[in-house]
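Participant: My structure is in upload_26.pdb, and what it holds is PDB, C-alpha atoms, pLDDT in the B column:
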```pdb
ATOM      1  CA  MET B  23      -2.608 -17.760   3.278  1.00 63.00           C
ATOM      2  CA  PRO B  24       0.609 -16.981   1.341  1.00 90.00           C
ATOM      3  CA  LEU B  25       2.704 -16.149   4.421  1.00 96.00           C
ATOM      4  CA  TYR B  26       6.340 -17.118   4.783  1.00 96.00           C
ATOM      5  CA  GLU B  27       8.698 -17.195   7.727  1.00 96.00           C
ATOM      6  CA  PHE B  28      12.181 -15.903   6.979  1.00 96.00           C
ATOM      7  CA  ASN B  29      15.137 -15.803   9.346  1.00 95.00           C
ATOM      8  CA  HIS B  30      12.840 -16.679  12.282  1.00 96.00           C
ATOM      9  CA  GLN B  31      10.546 -13.723  11.483  1.00 96.00           C
ATOM     10  CA  GLN B  32       6.866 -14.380  10.719  1.00 96.00           C
ATOM     11  CA  PRO B  33       4.332 -11.949   9.260  1.00 98.00           C
ATOM     12  CA  VAL B  34       1.601 -10.725  11.607  1.00 98.00           C
ATOM     13  CA  ILE B  35      -1.798 -10.165   9.991  1.00 98.00           C
ATOM     14  CA  GLY B  36      -4.644  -8.196  11.572  1.00 97.00           C
ATOM     15  CA  ASP B  37      -8.223  -9.418  11.869  1.00 96.00           C
ATOM     16  CA  GLY B  38     -10.428  -8.980   8.820  1.00 95.00           C
ATOM     17  CA  THR B  39      -7.560  -8.598   6.353  1.00 97.00           C
ATOM     18  CA  TRP B  40      -8.017 -10.397   3.022  1.00 97.00           C
ATOM     19  CA  ILE B  41      -4.927 -11.618   1.167  1.00 97.00           C
ATOM     20  CA  ALA B  42      -5.046 -12.937  -2.402  1.00 97.00           C
ATOM     21  CA  PRO B  43      -3.662 -16.468  -2.740  1.00 96.00           C
ATOM     22  CA  SER B  44      -1.040 -15.303  -5.264  1.00 97.00           C
ATOM     23  CA  ALA B  45       0.380 -12.606  -2.954  1.00 98.00           C
ATOM     24  CA  ASP B  46       3.616 -13.285  -1.047  1.00 98.00           C
ATOM     25  CA  ILE B  47       4.166 -11.864   2.436  1.00 98.00           C
ATOM     26  CA  ILE B  48       7.596 -12.673   3.758  1.00 98.00           C
ATOM     27  CA  GLY B  49       9.375 -12.196   7.065  1.00 97.00           C
ATOM     28  CA  ASN B  50       9.235  -9.113   9.273  1.00 98.00           C
ATOM     29  CA  VAL B  51       5.879  -7.722   8.102  1.00 98.00           C
ATOM     30  CA  THR B  52       2.966  -6.434  10.161  1.00 98.00           C
ATOM     31  CA  ILE B  53      -0.324  -5.764   8.366  1.00 98.00           C
ATOM     32  CA  GLY B  54      -3.185  -4.087  10.221  1.00 98.00           C
ATOM     33  CA  ARG B  55      -6.874  -4.914  10.392  1.00 97.00           C
ATOM     34  CA  HIS B  56      -9.309  -4.832   7.479  1.00 96.00           C
ATOM     35  CA  CYS B  57      -6.674  -4.484   4.767  1.00 97.00           C
ATOM     36  CA  TYR B  58      -6.815  -5.760   1.193  1.00 97.00           C
ATOM     37  CA  ILE B  59      -3.691  -7.354  -0.295  1.00 98.00           C
ATOM     38  CA  GLY B  60      -4.215  -7.943  -4.023  1.00 97.00           C
ATOM     39  CA  PHE B  61      -3.167 -10.590  -6.473  1.00 97.00           C
ATOM     40  CA  GLY B  62       0.552 -10.818  -7.197  1.00 98.00           C
ATOM     41  CA  ALA B  63       1.527  -8.376  -4.435  1.00 98.00           C
ATOM     42  CA  VAL B  64       4.918  -8.996  -2.835  1.00 98.00           C
ATOM     43  CA  ILE B  65       5.574  -7.605   0.634  1.00 98.00           C
ATOM     44  CA  ARG B  66       9.090  -8.672   1.518  1.00 97.00           C
ATOM     45  CA  GLY B  67      10.452  -7.947   4.981  1.00 97.00           C
ATOM     46  CA  ASP B  68      13.722  -9.812   4.705  1.00 95.00           C
ATOM     47  CA  PHE B  69      16.227  -6.964   5.229  1.00 94.00           C
ATOM     48  CA  GLY B  70      14.060  -4.944   7.602  1.00 96.00           C
ATOM     49  CA  LYS B  71      10.578  -4.266   8.953  1.00 98.00           C
ATOM     50  CA  ILE B  72       7.433  -3.366   7.011  1.00 98.00           C
ATOM     51  CA  VAL B  73       4.426  -1.991   8.901  1.00 98.00           C
ATOM     52  CA  ILE B  74       1.074  -1.442   7.162  1.00 98.00           C
ATOM     53  CA  GLY B  75      -1.763   0.247   9.069  1.00 98.00           C
ATOM     54  CA  ASP B  76      -5.460  -0.569   9.320  1.00 98.00           C
ATOM     55  CA  GLY B  77      -7.766  -0.367   6.310  1.00 97.00           C
ATOM     56  CA  THR B  78      -4.939  -0.014   3.793  1.00 98.00           C
ATOM     57  CA  LEU B  79      -5.393  -1.296   0.250  1.00 97.00           C
ATOM     58  CA  VAL B  80      -2.436  -2.880  -1.542  1.00 98.00           C
ATOM     59  CA  GLU B  81      -3.612  -3.536  -5.081  1.00 97.00           C
ATOM     60  CA  ASP B  82      -2.415  -6.098  -7.633  1.00 98.00           C
ATOM     61  CA  ASN B  83       1.297  -6.539  -8.335  1.00 98.00           C
ATOM     62  CA  VAL B  84       2.484  -3.985  -5.760  1.00 98.00           C
ATOM     63  CA  VAL B  85       6.020  -4.570  -4.470  1.00 98.00           C
ATOM     64  CA  ILE B  86       7.016  -3.340  -1.020  1.00 98.00           C
ATOM     65  CA  HIS B  87      10.602  -4.018   0.079  1.00 97.00           C
ATOM     66  CA  VAL B  88      13.009  -2.600   2.624  1.00 95.00           C
ATOM     67  CA  GLY B  89      16.643  -2.114   3.405  1.00 92.00           C
ATOM     68  CA  SER B  90      15.693  -1.130   6.951  1.00 94.00           C
ATOM     69  CA  LYS B  91      12.061   0.000   7.449  1.00 95.00           C
ATOM     70  CA  ALA B  92       8.930   0.949   5.523  1.00 97.00           C
ATOM     71  CA  GLU B  93       5.868   2.407   7.218  1.00 98.00           C
ATOM     72  CA  ILE B  94       2.489   2.732   5.536  1.00 98.00           C
ATOM     73  CA  GLY B  95      -0.311   4.358   7.501  1.00 98.00           C
ATOM     74  CA  ASN B  96      -4.022   3.744   7.892  1.00 98.00           C
ATOM     75  CA  LYS B  97      -6.444   3.836   4.961  1.00 97.00           C
ATOM     76  CA  VAL B  98      -3.762   4.305   2.330  1.00 98.00           C
ATOM     77  CA  ILE B  99      -4.616   3.259  -1.226  1.00 97.00           C
ATOM     78  CA  ILE B 100      -1.650   1.801  -3.122  1.00 98.00           C
ATOM     79  CA  GLY B 101      -2.497   1.403  -6.807  1.00 97.00           C
ATOM     80  CA  HIS B 102      -1.671  -1.458  -9.137  1.00 98.00           C
ATOM     81  CA  MET B 103       2.021  -2.128  -9.842  1.00 98.00           C
ATOM     82  CA  VAL B 104       3.411   0.438  -7.382  1.00 98.00           C
ATOM     83  CA  MET B 105       6.962  -0.065  -6.074  1.00 98.00           C
ATOM     84  CA  ILE B 106       7.759   1.137  -2.546  1.00 98.00           C
ATOM     85  CA  HIS B 107      11.215   0.845  -0.986  1.00 97.00           C
ATOM     86  CA  ASP B 108      12.178   2.083   2.505  1.00 96.00           C
ATOM     87  CA  ALA B 109       9.595   4.877   2.564  1.00 98.00           C
ATOM     88  CA  VAL B 110       7.011   6.399   4.901  1.00 98.00           C
ATOM     89  CA  ILE B 111       3.469   6.965   3.608  1.00 98.00           C
ATOM     90  CA  ASN B 112       1.016   8.503   6.055  1.00 98.00           C
ATOM     91  CA  ASP B 113      -2.743   8.055   6.530  1.00 97.00           C
ATOM     92  CA  PHE B 114      -5.368   8.652   3.824  1.00 96.00           C
ATOM     93  CA  SER B 115      -2.874   8.967   0.975  1.00 97.00           C
ATOM     94  CA  LEU B 116      -3.247   7.590  -2.531  1.00 97.00           C
ATOM     95  CA  ILE B 117      -0.297   6.256  -4.496  1.00 98.00           C
ATOM     96  CA  GLY B 118      -1.311   6.059  -8.161  1.00 98.00           C
ATOM     97  CA  MET B 119      -0.770   3.059 -10.400  1.00 98.00           C
ATOM     98  CA  MET B 120       2.783   2.255 -11.511  1.00 98.00           C
ATOM     99  CA  SER B 121       4.372   4.878  -9.263  1.00 98.00           C
ATOM    100  CA  MET B 122       7.747   4.375  -7.615  1.00 98.00           C
ATOM    101  CA  ILE B 123       8.433   5.561  -4.073  1.00 98.00           C
ATOM    102  CA  CYS B 124      12.171   5.467  -3.338  1.00 98.00           C
ATOM    103  CA  ASP B 125      14.364   5.119  -0.236  1.00 97.00           C
ATOM    104  CA  GLY B 126      13.827   7.694   2.466  1.00 97.00           C
ATOM    105  CA  ALA B 127      10.789   9.271   0.798  1.00 98.00           C
ATOM    106  CA  PHE B 128       8.227  10.757   3.181  1.00 98.00           C
ATOM    107  CA  ILE B 129       4.635  11.238   2.035  1.00 98.00           C
ATOM    108  CA  ASP B 130       2.447  13.039   4.551  1.00 98.00           C
ATOM    109  CA  LYS B 131      -1.265  12.384   5.181  1.00 97.00           C
ATOM    110  CA  TRP B 132      -4.059  13.237   2.730  1.00 97.00           C
ATOM    111  CA  THR B 133      -1.739  13.307  -0.260  1.00 97.00           C
ATOM    112  CA  ILE B 134      -2.217  12.067  -3.815  1.00 98.00           C
ATOM    113  CA  ILE B 135       0.702  10.812  -5.879  1.00 98.00           C
ATOM    114  CA  ALA B 136      -0.549  10.596  -9.472  1.00 98.00           C
ATOM    115  CA  GLU B 137      -0.091   7.473 -11.566  1.00 98.00           C
ATOM    116  CA  GLN B 138       3.373   6.740 -12.959  1.00 98.00           C
ATOM    117  CA  SER B 139       5.051   9.242 -10.650  1.00 98.00           C
ATOM    118  CA  LEU B 140       8.561   8.958  -9.252  1.00 98.00           C
ATOM    119  CA  VAL B 141       9.044  10.105  -5.671  1.00 98.00           C
ATOM    120  CA  LYS B 142      12.823  10.348  -5.461  1.00 98.00           C
ATOM    121  CA  LYS B 143      15.171   9.259  -2.710  1.00 97.00           C
ATOM    122  CA  ASN B 144      14.624  11.349   0.453  1.00 98.00           C
ATOM    123  CA  GLN B 145      11.927  13.490  -1.194  1.00 98.00           C
ATOM    124  CA  LYS B 146       9.408  14.990   1.263  1.00 98.00           C
ATOM    125  CA  ILE B 147       5.776  15.413   0.147  1.00 98.00           C
ATOM    126  CA  PRO B 148       3.679  17.675   2.408  1.00 98.00           C
ATOM    127  CA  SER B 149       0.130  16.984   3.583  1.00 97.00           C
ATOM    128  CA  GLY B 150      -2.818  18.005   1.436  1.00 97.00           C
ATOM    129  CA  LYS B 151      -0.962  18.162  -1.882  1.00 98.00           C
ATOM    130  CA  ILE B 152      -1.154  16.449  -5.252  1.00 98.00           C
ATOM    131  CA  TYR B 153       2.129  15.469  -6.880  1.00 98.00           C
ATOM    132  CA  ALA B 154       2.725  14.070 -10.361  1.00 98.00           C
ATOM    133  CA  GLY B 155       5.509  13.331 -12.797  1.00 98.00           C
ATOM    134  CA  SER B 156       8.996  11.953 -12.889  1.00 96.00           C
ATOM    135  CA  PRO B 157      10.375  13.318 -10.685  1.00 97.00           C
ATOM    136  CA  ALA B 158       7.173  14.096  -8.794  1.00 98.00           C
ATOM    137  CA  ARG B 159       6.329  17.798  -8.516  1.00 98.00           C
ATOM    138  CA  GLU B 160       3.471  19.617  -6.833  1.00 98.00           C
ATOM    139  CA  ILE B 161       0.539  20.200  -9.194  1.00 98.00           C
ATOM    140  CA  GLY B 162      -2.192  21.248  -6.787  1.00 97.00           C
ATOM    141  CA  ASN B 163      -3.974  21.044  -3.479  1.00 97.00           C
ATOM    142  CA  LEU B 164      -6.242  18.297  -2.225  1.00 95.00           C
ATOM    143  CA  THR B 165      -9.843  19.491  -2.112  1.00 95.00           C
ATOM    144  CA  GLU B 166     -12.851  18.221  -0.185  1.00 95.00           C
ATOM    145  CA  ARG B 167     -13.950  16.528  -3.421  1.00 95.00           C
ATOM    146  CA  HIS B 168     -10.658  14.615  -3.513  1.00 95.00           C
ATOM    147  CA  LYS B 169     -11.018  13.609   0.140  1.00 95.00           C
ATOM    148  CA  LYS B 170     -14.557  12.344  -0.470  1.00 95.00           C
ATOM    149  CA  GLY B 171     -13.254  10.372  -3.462  1.00 93.00           C
ATOM    150  CA  LEU B 172     -10.557   8.746  -1.333  1.00 92.00           C
ATOM    151  CA  ILE B 173     -13.097   7.804   1.333  1.00 93.00           C
ATOM    152  CA  THR B 174     -15.460   6.416  -1.324  1.00 94.00           C
ATOM    153  CA  GLY B 175     -12.629   4.361  -2.849  1.00 91.00           C
ATOM    154  CA  GLN B 176     -11.822   2.958   0.571  1.00 91.00           C
ATOM    155  CA  GLN B 177     -15.441   1.927   1.073  1.00 92.00           C
ATOM    156  CA  PHE B 178     -15.579   0.191  -2.327  1.00 92.00           C
ATOM    157  CA  TYR B 179     -12.668  -1.977  -1.226  1.00 92.00           C
ATOM    158  CA  MET B 180     -14.161  -2.687   2.205  1.00 92.00           C
ATOM    159  CA  ASP B 181     -17.223  -3.984   0.334  1.00 93.00           C
ATOM    160  CA  LEU B 182     -14.963  -5.935  -2.037  1.00 93.00           C
ATOM    161  CA  ILE B 183     -13.197  -7.605   0.912  1.00 93.00           C
ATOM    162  CA  ALA B 184     -16.580  -8.882   2.116  1.00 92.00           C
ATOM    163  CA  GLN B 185     -17.418 -10.170  -1.362  1.00 94.00           C
ATOM    164  CA  TYR B 186     -14.079 -11.980  -1.663  1.00 94.00           C
ATOM    165  CA  ARG B 187     -14.506 -13.465   1.790  1.00 91.00           C
ATOM    166  CA  ASN B 188     -17.997 -14.755   0.927  1.00 93.00           C
ATOM    167  CA  THR B 189     -17.805 -15.712  -2.760  1.00 95.00           C
ATOM    168  CA  PHE B 190     -14.185 -16.228  -3.903  1.00 94.00           C
ATOM    169  CA  ARG B 191     -13.547 -19.906  -4.583  1.00 93.00           C
ATOM    170  CA  ARG B 192     -10.944 -21.745  -6.621  1.00 91.00           C
ATOM    171  CA  ILE B 193     -12.473 -23.908  -9.310  1.00 93.00           C
ATOM    172  CA  ASP B 194     -10.692 -26.702 -11.100  1.00 88.00           C
ATOM    173  CA  PRO B 195     -11.685 -27.745 -14.632  1.00 85.00           C
TER     174      PRO B 195
END
```
Since I need it in another form, could you write the structure as structure tokens?
Facilitator:
Amino acid sequence: MPLYEFNHQQPVIGDGTWIAPSADIIGNVTIGRHCYIGFGAVIRGDFGKIVIGDGTLVEDNVVIHVGSKAEIGNKVIIGHMVMIHDAVINDFSLIGMMSMICDGAFIDKWTIIAEQSLVKKNQKIPSGKIYAGSPAREIGNLTERHKKGLITGQQFYMDLIAQYRNTFRRIDP
């Protein structure tokens, strides 16, 4: 596994979590159970603590870094190439591809941040809302259809974790 001790701090990884071999998890990082950490992801707890809850999906090329602390809840979906720095993201939220979540941002549960959005420093996003743009602004409310879609997306990745665990093998020419 691509885990690295830094400054006498070692990552702690929950049971059932799958981590791509090209991901880097460094220092003061705790990742919950049954998570997916995608290819090229960097989770760097060298200046502070990063906590990721159970069933959270960190897709390819995501960067999570801290100056002091970042907290990501349970069953959060973090899309490809997202950047998160010193933020709180609560349960069942979706952070769309290529979004940036800045220092002190707070994203409450059951929230969607659309792709390529900028959640500014200290911005607060309430529960049950959809935000988009740069800077991110409210564009609507989360519906039951959205919630079902988030749950379905989670399940696709839980199935994918099992497939990676059972069939992913390095091959050399």
Participant: Within 10 Å of (4.2, 10.4, 4.2) (coordinates as in the file), grab all the protein and nucleic acid residues, counting only C-alpha atoms, and write them out as a PDB file with C-alpha atoms, in the frame of the given file.
Facilitator:
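Written output follows (out-v1.pdb):
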```
ATOM      1  CA  GLU B  93       5.868   2.407   7.218  1.00 98.00           C
ATOM      2  CA  ILE B  94       2.489   2.732   5.536  1.00 98.00           C
ATOM      3  CA  GLY B  95      -0.311   4.358   7.501  1.00 98.00           C
ATOM      4  CA  ALA B 109       9.595   4.877   2.564  1.00 98.00           C
ATOM      5  CA  VAL B 110       7.011   6.399   4.901  1.00 98.00           C
ATOM      6  CA  ILE B 111       3.469   6.965   3.608  1.00 98.00           C
ATOM      7  CA  ASN B 112       1.016   8.503   6.055  1.00 98.00           C
ATOM      8  CA  ASP B 113      -2.743   8.055   6.530  1.00 97.00           C
ATOM      9  CA  PHE B 114      -5.368   8.652   3.824  1.00 96.00           C
ATOM     10  CA  SER B 115      -2.874   8.967   0.975  1.00 97.00           C
ATOM     11  CA  ALA B 127      10.789   9.271   0.798  1.00 98.00           C
ATOM     12  CA  PHE B 128       8.227  10.757   3.181  1.00 98.00           C
ATOM     13  CA  ILE B 129       4.635  11.238   2.035  1.00 98.00           C
ATOM     14  CA  ASP B 130       2.447  13.039   4.551  1.00 98.00           C
ATOM     15  CA  LYS B 131      -1.265  12.384   5.181  1.00 97.00           C
ATOM     16  CA  TRP B 132      -4.059  13.237   2.730  1.00 97.00           C
ATOM     17  CA  THR B 133      -1.739  13.307  -0.260  1.00 97.00           C
ATOM     18  CA  GLN B 145      11.927  13.490  -1.194  1.00 98.00           C
ATOM     19  CA  LYS B 146       9.408  14.990   1.263  1.00 98.00           C
ATOM     20  CA  ILE B 147       5.776  15.413   0.147  1.00 98.00           C
ATOM     21  CA  PRO B 148       3.679  17.675   2.408  1.00 98.00           C
ATOM     22  CA  SER B 149       0.130  16.984   3.583  1.00 97.00           C
TER      23      SER B 149
END
```
Participant: Please provide as an MDAnalysis selection string all residues within 9 Å of Asn50 (chain B), with the sequence filter that same-chain residues fewer than 5 positions apart are discarded (counting only C-alpha atoms).
Facilitator: chainID B and resid 27:34 66:73
Participant: Just the residues within 12 Å of Arg192 (chain B), please, counting only C-alpha atoms, with nothing from its chain fewer than 2 positions along; format it as a PyMOL selection string.
Facilitator: chain B and resi 42-44+186+189-190+194-195
Participant: I'd like the residues picked by the PyMOL selection byres ((chain B and resi 175) around 12) written out as a list in words, using the chain letters and numbers from the file.
Facilitator: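 Those residues are Gly77, Thr78, Leu79, Lys97, Val98, Ile99, Ile100, Gly101, Phe114, Ser115, Leu116, His168, Lys169, Lys170, Gly171, Leu172, Ile173, Thr174, Gln176, Gln177, Phe178, Tyr179, Met180, Asp181 and Leu182 of chain B.
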Participant: Using all atoms listed in the file, which of the listed residues (B:Asp108, B:Asp76, B:Glu166, B:Glu160) sits closest to Ser90 (chain B)?
Facilitator: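 Ranking B:Asp108, B:Asp76, B:Glu166, B:Glu160 by distance to Ser90 (chain B), first place goes to B:Asp108.
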Participant: What's around His107 (chain B) at 6 Å? Count all atoms listed in the file, leave out sequence neighbours fewer than 6 positions away in its own chain, and write the answer as number ranges by chain.
Facilitator: B: 86-88, 124-125
Participant: Go ahead and fit an axis-aligned box to every listed atom of region 143-154 of chain B plus 6 Å each side, and pass me the centre and edge lengths in Å, one decimal, as lines of an AutoDock Vina configuration file.
Facilitator:
```
center_x = 6.2
center_y = 13.7
center_z = -3.4
size_x = 30.0
size_y = 20.9
size_z = 25.9
```
Participant: What separation in Å, quoted to one decimal, exists between CA of Met103 (chain B) and CA of Asn83 (chain B)?
Facilitator: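 Here the two named atoms are 4.7 Å from each other.
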Participant: For Ala136 (chain B), list every protein, DNA or RNA residue within 8 Å, evaluated using all atoms listed in the file, and leave out those in the same chain fewer than 6 positions away; present the list as a list in words.
Facilitator: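 Final neighbour list, sorted by chain and number: Ile117, Gly118, Met119, Ser121, Ile152, Tyr153, Ala154 and Gly155 of chain B.
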Participant: Convert the current residue selection to file output with C-alpha atoms, as a short mmCIF file (atom, residue, chain, number, x, y, z; two decimals), in the coordinates of the input.
Facilitator:
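And here is the file that came out, out_21.cif:
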```
data_model
loop_
_atom_site.label_atom_id
_atom_site.label_comp_id
_atom_site.auth_asym_id
_atom_site.auth_seq_id
_atom_site.Cartn_x
_atom_site.Cartn_y
_atom_site.Cartn_z
CA ILE B 117 -0.30 6.26 -4.50
CA GLY B 118 -1.31 6.06 -8.16
CA MET B 119 -0.77 3.06 -10.40
CA SER B 121 4.37 4.88 -9.26
CA ILE B 152 -1.15 16.45 -5.25
CA TYR B 153 2.13 15.47 -6.88
CA ALA B 154 2.72 14.07 -10.36
CA GLY B 155 5.51 13.33 -12.80
#
```
Participant: Which of these, B:Gly62, B:Gly126, B:Pro157, B:Gly75, has the shortest distance to Ile47 (chain B) once you count only C-alpha atoms?
Facilitator: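 Looking at the shortest contact to Ile47 (chain B), the residue is B:Gly62.
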Participant: Residues picked by the PyMOL selection byres ((chain B and resi 64) around 6) here, as a PyMOL selection string?
Facilitator: chain B and resi 45-46+63+65+85
Participant: Just to confirm, what's the straight-line distance from CA of Leu164 (chain B) to CA of Lys143 (chain B) in Å (one decimal)?
Facilitator: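 These two atoms are separated by 23.2 Å.
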Participant: If you measure from CA of Asn96 (chain B) to CA of Ile59 (chain B), what distance in Å do you get, rounded to one decimal?
Facilitator: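 Interatomic distance, CA of Asn96 (chain B) to CA of Ile59 (chain B): 13.8 Å.
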Participant: Rank nothing, just name the residue among B:Gln185, B:Ser139, B:Thr52, B:Thr39 nearest to Ile161 (chain B), using all atoms listed in the file.
Facilitator: B:Ser139
Participant: Find the residue from B:Trp40, B:Met105, B:Gly162, B:Cys57 that sits nearest to Leu140 (chain B); use all atoms listed in the file when measuring.
Facilitator: B:Met105
Participant: Name the residues that the PyMOL selection byres ((chain B and resi 53) around 6) pulls out of this structure, and write them as number ranges by chain.
Facilitator: B: 35-36, 52, 54, 74
Participant: Take the residues from that selection and write them out as a compact mmCIF listing (two decimals), keeping the file's coordinate frame, keeping C-alpha atoms.
Facilitator:
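Once written, result14.txt looks like this:
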```
# COMPACT_ATOMS: atom_id res chain seq x y z
CA ILE B 35 -1.80 -10.16 9.99
CA GLY B 36 -4.64 -8.20 11.57
CA THR B 52 2.97 -6.43 10.16
CA GLY B 54 -3.18 -4.09 10.22
CA ILE B 74 1.07 -1.44 7.16
```
Participant: I'd like to know which of B:Gly49, B:Ser156, B:Met122, B:Gly150 is closest to Ile134 (chain B), using all atoms listed in the file.
Facilitator: B:Gly150
